[in-house]
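Asks: One file: start.txt (compact mmCIF, C-alpha atoms and all ligand atoms).
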```txt
# COMPACT_ATOMS: atom_id res chain seq x y z
CA MET A 181 194.59 163.73 28.19
CA GLY A 182 195.30 163.75 31.91
CA ALA A 183 193.06 160.76 32.62
CA SER A 184 194.40 158.80 29.65
CA ALA A 185 198.02 159.57 30.56
CA ALA A 186 197.42 158.63 34.21
CA TYR A 187 195.69 155.36 33.27
CA HIS A 188 198.42 154.32 30.83
CA LEU A 189 201.18 155.27 33.28
CA ALA A 190 199.58 153.13 35.98
CA ARG A 191 198.96 150.29 33.55
CA GLY A 192 202.64 150.45 32.63
CA GLY A 193 203.58 149.89 36.27
CA CYS A 194 204.01 153.46 37.50
CA ARG A 195 202.98 153.73 41.14
CA ASN A 196 202.03 156.87 42.98
CA VAL A 197 200.33 158.76 40.13
CA LEU A 198 198.42 161.85 41.24
CA VAL A 199 196.17 163.90 38.93
CA VAL A 200 195.59 167.46 40.11
CA GLU A 201 192.54 169.19 38.67
CA ARG A 202 191.64 172.77 39.34
CA TYR A 203 187.86 172.29 39.22
CA GLY A 204 185.69 170.26 41.58
CA GLU A 205 184.62 167.73 38.95
CA PRO A 206 185.98 166.16 35.77
CA GLY A 207 185.25 167.41 32.26
CA LEU A 208 184.81 171.14 32.86
CA GLY A 209 187.66 172.05 30.49
CA SER A 210 187.63 171.43 26.74
CA THR A 211 186.63 167.78 26.91
CA GLY A 212 183.14 168.62 28.13
CA ALA A 213 182.77 171.12 25.26
CA ALA A 214 183.77 168.69 22.51
CA THR A 215 181.04 167.52 20.16
CA GLY A 216 182.47 164.00 19.89
CA GLY A 217 183.67 163.54 16.35
CA PHE A 218 186.17 160.86 15.38
CA ARG A 219 187.95 160.68 12.03
CA VAL A 220 190.86 159.13 10.20
CA GLN A 221 190.39 161.63 7.37
CA PHE A 222 193.35 163.86 8.06
CA GLY A 223 195.94 165.33 5.71
CA SER A 224 198.98 164.36 7.78
CA GLU A 225 200.31 160.83 8.14
CA THR A 226 200.95 161.33 11.86
CA HIS A 227 197.31 162.32 12.43
CA VAL A 228 196.02 159.38 10.41
CA ARG A 229 198.20 156.93 12.34
CA LEU A 230 197.16 158.44 15.68
CA SER A 231 193.52 157.98 14.66
CA LEU A 232 194.10 154.37 13.65
CA LEU A 233 195.79 153.58 16.98
CA SER A 234 193.00 155.38 18.83
CA ARG A 235 190.40 153.46 16.86
CA GLU A 236 191.93 150.13 17.84
CA LYS A 237 191.75 151.27 21.45
CA LEU A 238 188.19 152.61 21.10
CA LEU A 239 187.07 149.25 19.73
CA ARG A 240 188.31 147.51 22.89
CA PHE A 241 187.61 150.41 25.24
CA ARG A 242 184.88 148.63 27.17
CA GLU A 243 187.07 145.57 27.62
CA GLU A 244 189.92 147.76 28.80
CA THR A 245 188.07 150.21 31.05
CA GLY A 246 184.54 148.83 31.60
CA VAL A 247 182.92 151.86 29.90
CA ASP A 248 181.44 152.20 26.40
CA ALA A 249 183.33 154.91 24.44
CA GLY A 250 180.27 155.32 22.23
CA TYR A 251 182.21 154.82 19.00
CA ARG A 252 179.68 154.81 16.13
CA PRO A 253 181.15 154.65 12.62
CA CYS A 254 178.60 156.84 10.82
CA GLY A 255 181.23 158.45 8.58
CA TYR A 256 182.60 161.92 7.83
CA LEU A 257 181.67 163.47 4.50
CA PHE A 258 183.88 166.30 3.19
CA MET A 259 182.15 168.27 0.41
CA ALA A 260 183.83 170.44 -2.25
CA ARG A 261 182.37 173.09 -4.56
CA ALA A 262 185.35 173.40 -6.91
CA GLU A 263 187.96 171.13 -8.47
CA ALA A 264 190.63 173.14 -6.62
CA GLU A 265 189.07 172.04 -3.31
CA LEU A 266 189.12 168.40 -4.37
CA ALA A 267 192.90 168.48 -4.76
CA PRO A 268 193.76 168.62 -1.02
CA LEU A 269 191.09 165.98 -0.32
CA ARG A 270 192.68 163.67 -2.91
CA ARG A 271 196.16 164.26 -1.50
CA ALA A 272 194.86 163.53 1.99
CA MET A 273 193.12 160.39 0.75
CA ALA A 274 196.40 159.12 -0.74
CA ILE A 275 198.08 159.62 2.66
CA GLN A 276 195.22 157.84 4.42
CA ARG A 277 195.35 154.89 2.01
CA ALA A 278 199.14 154.61 2.33
CA ALA A 279 198.66 154.41 6.11
CA GLY A 280 196.26 151.48 5.63
CA VAL A 281 192.81 153.11 5.50
CA ARG A 282 191.05 151.11 2.79
CA GLU A 283 187.55 152.42 3.50
CA VAL A 284 187.98 156.06 2.41
CA ARG A 285 186.65 156.90 -1.06
CA GLU A 286 185.96 159.78 -3.38
CA VAL A 287 182.27 160.55 -3.96
CA ASP A 288 180.56 162.55 -6.70
CA ALA A 289 177.62 164.92 -6.27
CA GLY A 290 175.16 162.09 -7.00
CA GLU A 291 176.51 159.96 -4.18
CA ILE A 292 176.52 162.99 -1.85
CA ARG A 293 172.79 163.41 -2.61
CA ARG A 294 172.20 159.75 -1.72
CA LEU A 295 174.27 159.91 1.48
CA VAL A 296 172.84 163.22 2.75
CA PRO A 297 169.65 164.08 0.84
CA TRP A 298 169.03 167.09 3.10
CA VAL A 299 172.08 168.90 1.68
CA ARG A 300 171.70 171.38 -1.20
CA ALA A 301 174.09 169.75 -3.67
CA ASP A 302 173.45 171.59 -6.95
CA ASP A 303 176.80 173.43 -6.81
CA LEU A 304 178.90 170.55 -5.41
CA VAL A 305 181.55 168.80 -7.50
CA GLY A 306 182.23 165.94 -5.10
CA GLY A 307 184.08 165.08 -1.93
CA THR A 308 185.40 162.22 0.16
CA PHE A 309 183.63 159.86 2.53
CA CYS A 310 185.07 157.48 5.08
CA PRO A 311 182.63 155.13 6.82
CA ILE A 312 184.93 154.29 9.75
CA ASP A 313 184.92 157.94 10.82
CA GLY A 314 182.07 158.86 13.12
CA PHE A 315 181.25 159.65 16.71
CA ILE A 316 182.50 159.05 20.23
CA ARG A 317 181.38 160.12 23.72
CA PRO A 318 184.03 162.45 25.19
CA LEU A 319 182.84 162.39 28.80
CA GLU A 320 182.42 158.62 28.76
CA ILE A 321 185.99 158.21 27.52
CA LEU A 322 187.12 160.49 30.34
CA ARG A 323 185.05 158.46 32.85
CA GLY A 324 186.42 155.18 31.50
CA TYR A 325 190.05 156.22 31.88
CA ARG A 326 189.43 157.85 35.26
CA GLU A 327 187.69 154.84 36.76
CA ALA A 328 190.18 152.37 35.30
CA ALA A 329 193.05 154.52 36.58
CA GLU A 330 191.51 154.67 40.06
CA ARG A 331 191.27 150.87 40.12
CA LEU A 332 195.02 150.81 39.43
CA GLY A 333 195.66 153.13 42.38
CA VAL A 334 195.79 156.55 40.67
CA ARG A 335 194.53 159.38 42.90
CA PHE A 336 192.52 162.28 41.47
CA ALA A 337 192.58 165.54 43.45
CA TYR A 338 189.57 167.50 42.19
CA GLY A 339 189.06 171.08 43.33
CA ALA A 340 192.82 171.50 43.85
CA GLY A 341 192.71 175.01 42.36
CA TRP A 342 195.32 176.31 39.96
CA ALA A 343 198.46 174.15 39.93
CA ASP A 344 201.92 175.46 39.08
CA CYS A 345 204.90 173.35 38.16
CA LEU A 346 207.84 174.03 40.48
CA VAL A 347 211.22 174.18 38.77
CA GLU A 348 214.67 174.38 40.38
CA GLY A 349 218.15 175.05 39.01
CA ARG A 350 219.28 177.42 36.29
CA GLY A 351 220.04 177.34 32.58
CA LEU A 352 220.64 173.81 31.31
CA GLU A 353 220.29 172.41 34.85
CA ARG A 354 216.62 173.24 35.26
CA ARG A 355 214.53 170.37 36.53
CA VAL A 356 211.13 169.67 38.01
CA ALA A 357 210.91 169.93 41.80
CA GLY A 358 207.17 169.49 42.33
CA VAL A 359 203.71 170.94 41.94
CA ARG A 360 202.09 173.67 44.02
CA THR A 361 198.31 173.75 44.08
CA GLU A 362 196.07 176.12 46.01
CA ARG A 363 195.77 173.35 48.62
CA ASP A 364 199.31 172.03 49.02
CA VAL A 365 202.75 171.36 47.63
CA VAL A 366 203.69 167.95 46.24
CA ALA A 367 207.35 167.08 45.74
CA THR A 368 208.07 165.08 42.58
CA ARG A 369 210.72 164.79 39.88
CA ARG A 370 208.21 164.12 37.09
CA VAL A 371 205.26 166.22 35.99
CA VAL A 372 202.99 165.79 32.97
CA ASN A 373 201.44 169.01 31.67
CA ALA A 374 198.00 167.94 30.41
CA ALA A 375 196.41 171.33 30.95
CA GLY A 376 194.70 171.54 27.55
CA PRO A 377 194.14 175.17 26.44
CA TRP A 378 195.87 176.35 29.64
CA ALA A 379 199.06 174.35 28.92
CA GLY A 380 200.89 177.40 27.55
CA LEU A 381 200.00 179.44 30.63
CA VAL A 382 201.19 176.66 32.95
CA GLY A 383 204.48 176.69 31.00
CA ALA A 384 204.83 180.48 31.11
CA ARG A 385 204.39 180.50 34.89
CA ALA A 386 207.28 178.03 35.12
CA GLY A 387 209.42 180.22 32.85
CA LEU A 388 208.99 178.00 29.81
CA GLU A 389 207.55 178.72 26.38
CA ILE A 390 204.99 176.09 25.38
CA PRO A 391 203.41 177.24 22.12
CA VAL A 392 199.83 176.24 22.88
CA ARG A 393 197.11 178.87 22.91
CA PRO A 394 193.35 178.83 23.40
CA VAL A 395 191.12 179.36 20.37
CA ARG A 396 187.38 179.69 20.92
CA ARG A 397 184.95 177.51 19.06
CA GLN A 398 181.19 177.91 19.30
CA THR A 399 178.51 175.28 18.77
CA ALA A 400 174.87 175.88 17.88
CA ILE A 401 172.31 173.27 18.91
CA THR A 402 168.71 172.91 17.83
CA HIS A 403 165.72 171.82 19.86
CA PRO A 404 164.97 168.10 19.33
CA PHE A 405 164.56 167.63 15.58
CA SER A 406 163.83 164.40 13.70
CA GLY A 407 164.36 165.72 10.16
CA ILE A 408 167.95 164.40 9.96
CA PRO A 409 168.66 160.89 11.28
CA GLU A 410 170.91 160.26 14.25
CA ASP A 411 173.27 158.11 12.16
CA ALA A 412 173.79 160.80 9.50
CA PRO A 413 177.48 161.30 8.69
CA LEU A 414 179.23 164.37 9.98
CA THR A 415 179.06 166.67 6.96
CA ILE A 416 181.67 169.36 6.28
CA CYS A 417 181.70 172.18 3.74
CA LEU A 418 185.37 172.33 2.86
CA TRP A 419 185.28 175.93 1.59
CA ASP A 420 184.16 177.57 4.85
CA GLY A 421 184.44 174.91 7.56
CA LEU A 422 180.69 174.79 8.31
CA HIS A 423 179.81 171.36 9.64
CA LEU A 424 176.77 169.53 10.87
CA ARG A 425 176.07 166.43 12.92
CA VAL A 426 173.17 165.04 14.93
CA ARG A 427 173.64 164.17 18.59
CA ASP A 428 170.93 162.86 20.90
CA GLY A 429 168.18 163.94 18.51
CA ARG A 430 169.43 167.52 18.07
CA VAL A 431 171.40 169.05 15.24
CA LEU A 432 174.79 170.55 16.11
CA LEU A 433 176.34 173.20 13.84
CA LEU A 434 179.96 174.27 13.99
CA TRP A 435 181.75 176.92 12.01
CA HIS A 436 185.42 177.72 12.34
CA VAL A 437 185.04 181.45 12.34
CA ASP A 438 185.95 183.58 15.31
CA THR A 439 183.21 185.34 17.15
CA PRO A 440 182.32 188.89 16.26
CA GLY A 441 181.96 190.96 19.43
CA ARG A 442 183.93 188.74 21.81
CA ASP A 443 186.15 190.13 24.56
CA PRO A 444 189.71 190.17 23.14
CA ALA A 445 191.14 190.80 26.61
CA ASP A 446 190.30 187.31 27.88
CA PRO A 447 191.60 184.53 25.63
CA PHE A 448 190.00 181.92 27.92
CA ASP A 449 186.51 183.45 27.72
CA THR A 450 183.89 180.77 26.99
CA THR A 451 180.78 182.95 26.87
CA PHE A 452 178.56 182.11 23.90
CA TYR A 453 178.24 185.12 21.56
CA ARG A 454 175.01 185.55 19.66
CA PRO A 455 176.41 187.54 16.66
CA TRP A 456 178.22 184.37 15.58
CA LEU A 457 174.90 182.53 15.46
CA ASP A 458 173.31 185.33 13.45
CA ALA A 459 176.14 185.07 10.91
CA LEU A 460 176.04 181.26 10.84
CA LEU A 461 172.30 180.65 10.38
CA PRO A 462 171.81 182.06 6.85
CA ARG A 463 174.69 179.82 5.64
CA ALA A 464 173.25 176.80 7.41
CA TYR A 465 169.74 177.34 6.00
CA ASP A 466 171.20 177.79 2.54
CA ARG A 467 173.22 174.55 2.62
CA PHE A 468 170.81 172.48 4.75
CA PRO A 469 167.34 173.84 3.76
CA ILE A 470 165.60 171.28 6.00
CA LEU A 471 166.83 173.25 9.00
CA ALA A 472 164.13 175.84 8.28
CA GLU A 473 161.88 173.35 10.11
CA ALA A 474 164.17 173.25 13.17
CA THR A 475 164.60 175.89 15.87
CA VAL A 476 167.83 176.78 17.65
CA ASP A 477 167.92 176.21 21.41
CA VAL A 478 169.87 179.39 22.12
CA GLU A 479 170.05 178.71 25.86
CA ARG A 480 171.97 175.49 25.19
CA CYS A 481 174.42 176.81 22.58
CA TRP A 482 177.95 176.87 23.95
CA ALA A 483 181.54 177.93 23.42
CA GLY A 484 184.71 176.05 24.28
CA LEU A 485 188.44 176.25 23.66
CA TYR A 486 190.71 174.43 21.24
CA GLU A 487 194.27 173.95 22.48
CA MET A 488 196.03 175.16 19.33
CA SER A 489 199.65 174.48 18.48
CA PRO A 490 201.36 176.41 15.67
CA ASP A 491 201.31 173.42 13.26
CA THR A 492 198.02 171.87 14.51
CA HIS A 493 199.89 168.77 15.74
CA ALA A 494 200.11 167.74 19.39
CA LEU A 495 203.16 168.30 21.58
CA LEU A 496 204.02 164.93 23.10
CA GLY A 497 207.08 164.06 25.16
CA PRO A 498 209.79 165.84 27.13
CA ALA A 499 209.52 169.63 27.32
CA PRO A 500 212.81 171.11 26.15
CA GLY A 501 214.69 172.96 28.88
CA VAL A 502 213.28 171.37 32.05
CA GLU A 503 214.23 167.83 33.00
CA GLY A 504 211.30 165.76 34.21
CA LEU A 505 208.57 167.82 32.54
CA TYR A 506 206.48 166.09 29.87
CA LEU A 507 203.81 167.52 27.59
CA ILE A 508 200.62 165.97 26.26
CA THR A 509 198.76 168.86 24.73
CA GLY A 510 198.27 170.98 21.60
CA SER A 511 196.01 168.56 19.70
CA SER A 512 194.33 171.59 18.12
CA GLY A 513 190.76 170.37 18.23
CA HIS A 514 191.23 166.60 17.92
CA GLY A 515 192.25 165.90 21.48
CA VAL A 516 189.41 163.62 22.48
CA MET A 517 189.76 161.28 19.53
CA HIS A 518 193.54 161.11 19.92
CA ALA A 519 193.62 160.87 23.74
CA PRO A 520 193.61 157.04 23.77
CA ALA A 521 196.67 156.90 21.47
CA LEU A 522 198.52 159.86 22.97
CA GLY A 523 198.10 158.64 26.57
CA GLN A 524 199.56 155.26 25.68
CA LEU A 525 202.47 156.84 23.78
CA LEU A 526 203.18 159.31 26.59
CA ALA A 527 203.37 156.46 29.12
CA GLU A 528 205.84 154.64 26.87
CA ILE A 529 208.02 157.75 26.62
CA VAL A 530 207.98 158.37 30.39
CA LEU A 531 208.48 154.75 31.45
CA GLU A 532 210.62 153.33 28.65
CA GLY A 533 212.31 156.41 27.22
CA ARG A 534 210.70 156.11 23.77
CA ALA A 535 207.35 155.57 22.07
CA ARG A 536 207.02 151.94 21.03
CA SER A 537 203.52 151.79 19.51
CA LEU A 538 204.05 154.43 16.82
CA ALA A 539 206.82 156.56 15.29
CA ILE A 540 205.92 160.00 16.62
CA ASP A 541 209.05 162.04 16.14
CA ALA A 542 206.80 164.61 14.40
CA LEU A 543 205.21 165.36 17.79
CA ARG A 544 208.44 166.12 19.71
CA PRO A 545 207.89 169.42 21.54
CA SER A 546 211.39 170.64 20.60
CA ARG A 547 210.46 170.94 16.89
CA PHE A 548 209.43 174.59 17.23
CA ALA A 549 212.67 175.66 18.92
CA GLU A 550 214.52 173.71 16.21
CA GLY A 551 212.59 175.64 13.54
CA ARG A 552 211.24 172.36 12.11
CA PRO A 553 207.47 172.38 12.60
CA ASN A 554 205.26 170.00 10.63
CA PRO A 555 203.36 171.28 7.62
CA GLU A 556 199.85 172.14 8.82
CA ASP A 557 197.20 169.55 8.25
CA ALA A 558 195.66 170.67 4.98
CA ILE A 559 192.01 169.67 5.31
CA LEU A 560 190.58 170.68 8.72
C1 LIG B 601 183.40 173.17 20.39
C2 LIG B 601 184.47 172.10 20.42
C3 LIG B 601 184.29 170.93 19.69
C4 LIG B 601 185.27 169.95 19.71
N1 LIG B 601 185.04 168.80 19.03
C5 LIG B 601 185.94 167.80 19.10
C6 LIG B 601 185.69 166.58 18.44
O1 LIG B 601 184.67 166.41 17.76
N2 LIG B 601 186.61 165.57 18.56
C7 LIG B 601 187.77 165.74 19.27
O2 LIG B 601 188.57 164.82 19.34
N3 LIG B 601 188.02 166.90 19.89
C8 LIG B 601 187.16 167.93 19.82
N4 LIG B 601 187.41 169.11 20.44
C9 LIG B 601 188.73 169.30 21.05
C10 LIG B 601 188.80 168.65 22.39
O3 LIG B 601 187.78 169.16 23.19
C11 LIG B 601 190.17 168.89 23.02
O4 LIG B 601 191.18 168.63 22.08
C12 LIG B 601 190.35 167.98 24.23
O5 LIG B 601 189.24 168.04 25.06
C13 LIG B 601 191.62 168.35 24.98
O6 LIG B 601 191.67 167.54 26.14
P1 LIG B 601 192.62 167.97 27.32
O7 LIG B 601 192.50 166.93 28.37
O8 LIG B 601 193.95 168.30 26.79
O9 LIG B 601 192.01 169.36 27.82
P2 LIG B 601 190.85 169.65 28.88
O10 LIG B 601 189.69 168.78 28.70
O11 LIG B 601 190.62 171.13 28.87
O12 LIG B 601 191.52 169.23 30.24
C14 LIG B 601 192.51 170.02 30.85
C15 LIG B 601 192.18 170.05 32.30
O13 LIG B 601 193.24 170.66 32.99
C16 LIG B 601 192.72 171.50 34.00
N5 LIG B 601 193.73 172.52 34.25
C17 LIG B 601 194.25 173.37 33.34
N6 LIG B 601 195.21 174.11 33.90
C18 LIG B 601 195.29 173.72 35.20
C19 LIG B 601 196.11 174.11 36.29
N7 LIG B 601 197.05 175.04 36.16
N8 LIG B 601 195.91 173.50 37.47
C20 LIG B 601 194.98 172.54 37.62
N9 LIG B 601 194.18 172.11 36.61
C21 LIG B 601 194.34 172.71 35.42
C22 LIG B 601 191.46 172.07 33.40
O14 LIG B 601 190.57 172.49 34.41
C23 LIG B 601 190.94 170.89 32.59
O15 LIG B 601 190.01 170.10 33.31
C24 LIG B 601 186.46 170.12 20.46
C25 LIG B 601 186.62 171.29 21.21
C26 LIG B 601 185.64 172.27 21.19
C27 LIG B 601 185.86 173.51 22.01
```
Can the structure in the file be given as structure tokens, please?
Ligand SMILES: Cc1cc2nc3c(=O)[nH]c(=O)nc-3n(C[C@H](O)[C@H](O)[C@H](O)COP(=O)(O)OP(=O)(O)OC[C@H]3O[C@@H](n4cnc5c(N)ncnc54)[C@H](O)[C@@H]3O)c2cc1C

Replies:
Amino acid sequence: MGASAAYHLARGGCRNVLVVERYGEPGLGSTGAATGGFRVQFGSETHVRLSLLSREKLLRFREETGVDAGYRPCGYLFMARAEAELAPLRRAMAIQRAAGVREVREVDAGEIRRLVPWVRADDLVGGTFCPIDGFIRPLEILRGYREAAERLGVRFAYGAGWADCLVEGRGLERRVAGVRTERDVVATRRVVNAAGPWAGLVGARAGLEIPVRPVRRQTAITHPFSGIPEDAPLTICLWDGLHLRVRDGRVLLLWHVDTPGRDPADPFDTTFYRPWLDALLPRAYDRFPILAEATVDVERCWAGLYEMSPDTHALLGPAPGVEGLYLITGSSGHGVMHAPALGQLLAEIVLEGRARSLAIDALRPSRFAEGRPNPEDAIL
């Protein structure tokens, strides 16, 4: 988010952009933990439109930045076991089609067997498949935006340590005065909070409530395994959130269930907890029997943090209550795929006062204080 925002700000003519990063190198936050999925199959129109704008930008990413974003349209396959689970998929599909996605379609159990023959499909009733969904390379997208931004004069201060936003004035007069890092103080009237899962903490330290909190997500990875092809679609069990993809010859398994045994005292803890894997594996073997031939590379399994907002939609635009502070955070687990779109929109808001490329009123950060959050995205 920070690299995309900085690039788009510089491309829009903003001079003197500085990115301050706590760690000594890029990608050590959530972006390096992302598995690299891309989808237009969402249940909210705003999410679908963000994906479509991002997709346009991913298709010309190399032209724009000189780096390959690794976009491979292998598809996302949502699978349902009951008619009741098909209903939200159908509603989401209607929203996707209305937004211009012609490729998404409903599939029956027979087609699921053809698409992913390694799935146990005897109890499935159907699902949806969209062939323009697929995969991207998170760290390459970060590199592309960073290098393109640097060519436009943006400076990146890595290893700056924790940065706080300095605010002056009281009540309705509060405004940004600068940023204090562990190395120095920078005076500025405009700050973009792109702190991912830490965005809420950055806000709290400036006396501001930003409703973004970290939620851990773990990923299991196998040793190299050729039983499922590299271009297999990302496959999701709608009833419990278990999903599977192949990346660089290894199978990745995700499951949206919190980790038994984790340390509740540290919400930013990214230690990988083994009990989660022990709970996941029987489910995975049951649904994907071919995995009995694979072995998990426990040393390489990892945990990372989603930057969750209360309605699973990003917070984009001016932070209510402090003039000059902008937010680009809260994507709730889809931040890599939406970073191209959100960075462009943020730059439009900062430089021109409004988003031009897309109607994104639904993302205004003030919606929570107004008591008008979006309905949560129904499918994932
Ligand atoms: C297991 C897992 C799988 C995922 N899979 C996908 C996926 O398939 N597709 C997808 O689109 N998304 C996925 N995500 C979500 C995605 O990783 C995030 O939405 C995205 O990386 C958020 O980007 P960001 O730039 O906001 O946050 P980050 O990448 O965390 O960047 C924030 C940066 O700010 C720095 N920072 C924070 N606070 C401060 C401070 N006070 N001072 C200085 N620096 C600070 C951090 O060090 C960090 O480098 C996944 C996440 C996880 C954990």

Asks: Could you check how far CA of Pro311 in chain A sits from CA of Ala274 in chain A, in Å to one decimal?

Replies: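 Value for the CA of Pro311 in chain A-CA of Ala274 in chain A distance: 16.2 Å.
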
Asks: Determine the nearest neighbour of ligand LIG 601 (chain B) from the options A:Val197, A:Ala340, A:Val228, A:Cys254, counting all atoms listed in the file.

Replies: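 Result for the nearest residue to ligand LIG 601 (chain B): A:Ala340.
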
Asks: Looking at all atoms listed in the file, which of A:Tyr453, A:Phe336, A:Tyr256, A:Trp435 is the one that sits closest to Asp420 in chain A?

Replies: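 Of all the options, A:Trp435 lies closest to Asp420 in chain A.
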
Asks: Could you make a table, as a Markdown table, of the residues of chain A that have an atom within 7 Å of an atom of ligand LIG 601 (chain B), each with its nearest atom pair and distance in Å to one decimal, counting only C-alpha atoms and all ligand atoms, in chain and number order?

Replies:
```
| residue | atom | partner | partner_atom | distance |
| --- | --- | --- | --- | --- |
| A:Met181 | CA | B:LIG601 | O7 | 3.8 |
| A:Gly182 | CA | B:LIG601 | O7 | 5.5 |
| A:Val200 | CA | B:LIG601 | C20 | 5.7 |
| A:Glu201 | CA | B:LIG601 | N9 | 3.9 |
| A:Arg202 | CA | B:LIG601 | C20 | 3.8 |
| A:Tyr203 | CA | B:LIG601 | O14 | 5.5 |
| A:Pro206 | CA | B:LIG601 | O15 | 6.1 |
| A:Gly207 | CA | B:LIG601 | O15 | 5.6 |
| A:Leu208 | CA | B:LIG601 | O15 | 5.3 |
| A:Gly209 | CA | B:LIG601 | O11 | 3.5 |
| A:Ser210 | CA | B:LIG601 | O11 | 3.7 |
| A:Thr211 | CA | B:LIG601 | O5 | 3.2 |
| A:Gly212 | CA | B:LIG601 | O10 | 6.6 |
| A:Ala213 | CA | B:LIG601 | C27 | 5.1 |
| A:Ala214 | CA | B:LIG601 | C4 | 3.4 |
| A:Thr215 | CA | B:LIG601 | N1 | 4.3 |
| A:Gly216 | CA | B:LIG601 | O1 | 3.9 |
| A:Gly217 | CA | B:LIG601 | O1 | 3.4 |
| A:Phe218 | CA | B:LIG601 | N2 | 5.7 |
| A:Ala340 | CA | B:LIG601 | C20 | 6.7 |
| A:Gly341 | CA | B:LIG601 | C20 | 5.8 |
| A:Trp342 | CA | B:LIG601 | N8 | 3.8 |
| A:Ala343 | CA | B:LIG601 | N8 | 3.6 |
| A:Asp344 | CA | B:LIG601 | N7 | 5.7 |
| A:Ala374 | CA | B:LIG601 | O8 | 5.4 |
| A:Ala375 | CA | B:LIG601 | C17 | 3.8 |
| A:Gly376 | CA | B:LIG601 | O8 | 3.4 |
| A:Pro377 | CA | B:LIG601 | O11 | 5.9 |
| A:Trp378 | CA | B:LIG601 | N6 | 4.9 |
| A:Ala379 | CA | B:LIG601 | N6 | 6.3 |
| A:Val382 | CA | B:LIG601 | N7 | 5.5 |
| A:Arg396 | CA | B:LIG601 | C27 | 6.5 |
| A:Arg397 | CA | B:LIG601 | C1 | 4.8 |
| A:Gln398 | CA | B:LIG601 | C1 | 5.3 |
| A:Thr399 | CA | B:LIG601 | C1 | 5.6 |
| A:Ala483 | CA | B:LIG601 | C1 | 5.9 |
| A:Gly484 | CA | B:LIG601 | C27 | 3.6 |
| A:Leu485 | CA | B:LIG601 | C27 | 4.1 |
| A:Tyr486 | CA | B:LIG601 | C27 | 5.0 |
| A:Glu487 | CA | B:LIG601 | O4 | 6.2 |
| A:Thr509 | CA | B:LIG601 | O8 | 5.3 |
| A:Ser511 | CA | B:LIG601 | O4 | 5.4 |
| A:Ser512 | CA | B:LIG601 | O4 | 5.9 |
| A:Gly513 | CA | B:LIG601 | C9 | 3.6 |
| A:His514 | CA | B:LIG601 | O2 | 3.5 |
| A:Gly515 | CA | B:LIG601 | O4 | 3.0 |
| A:Val516 | CA | B:LIG601 | O2 | 3.5 |
| A:Met517 | CA | B:LIG601 | O2 | 3.7 |
| A:His518 | CA | B:LIG601 | O2 | 6.2 |
```

Asks: Gly246 in chain A: which residues within 10 Å, counting only C-alpha atoms, same-chain residues fewer than 2 positions away excluded, as a ChimeraX atom specification?

Replies: /A:240-244,248-249,323-325,327-328

Asks: Go ahead and write the residues just picked, C-alpha atoms, as a PDB file, in the coordinates of the input.

Replies:
```pdb
ATOM      1  CA  ARG A 240     188.310 147.510  22.890  1.00  0.00           C
ATOM      2  CA  PHE A 241     187.610 150.410  25.240  1.00  0.00           C
ATOM      3  CA  ARG A 242     184.880 148.630  27.170  1.00  0.00           C
ATOM      4  CA  GLU A 243     187.070 145.570  27.620  1.00  0.00           C
ATOM      5  CA  GLU A 244     189.920 147.760  28.800  1.00  0.00           C
ATOM      6  CA  ASP A 248     181.440 152.200  26.400  1.00  0.00           C
ATOM      7  CA  ALA A 249     183.330 154.910  24.440  1.00  0.00           C
ATOM      8  CA  ARG A 323     185.050 158.460  32.850  1.00  0.00           C
ATOM      9  CA  GLY A 324     186.420 155.180  31.500  1.00  0.00           C
ATOM     10  CA  TYR A 325     190.050 156.220  31.880  1.00  0.00           C
ATOM     11  CA  GLU A 327     187.690 154.840  36.760  1.00  0.00           C
ATOM     12  CA  ALA A 328     190.180 152.370  35.300  1.00  0.00           C
TER      13      ALA A 328
END
```

Asks: Residues near Arg282 in chain A, anyone? I mean within 10 Å using all atoms listed in the file, not counting same-chain ones fewer than 5 positions away, as an mmCIF file with C-alpha atoms, in the frame of the given file.

Replies:
```
data_model
loop_
_atom_site.group_PDB
_atom_site.id
_atom_site.type_symbol
_atom_site.label_atom_id
_atom_site.label_comp_id
_atom_site.auth_asym_id
_atom_site.auth_seq_id
_atom_site.Cartn_x
_atom_site.Cartn_y
_atom_site.Cartn_z
ATOM 1 C CA MET A 273 193.120 160.390 0.750
ATOM 2 C CA GLN A 276 195.220 157.840 4.420
ATOM 3 C CA ARG A 277 195.350 154.890 2.010
ATOM 4 C CA CYS A 310 185.070 157.480 5.080
ATOM 5 C CA ILE A 312 184.930 154.290 9.750
#
```

Asks: Tell me, in Å to one decimal, how far CA of Ala190 in chain A is from CA of Ala521 in chain A.

Replies: 15.3 Å
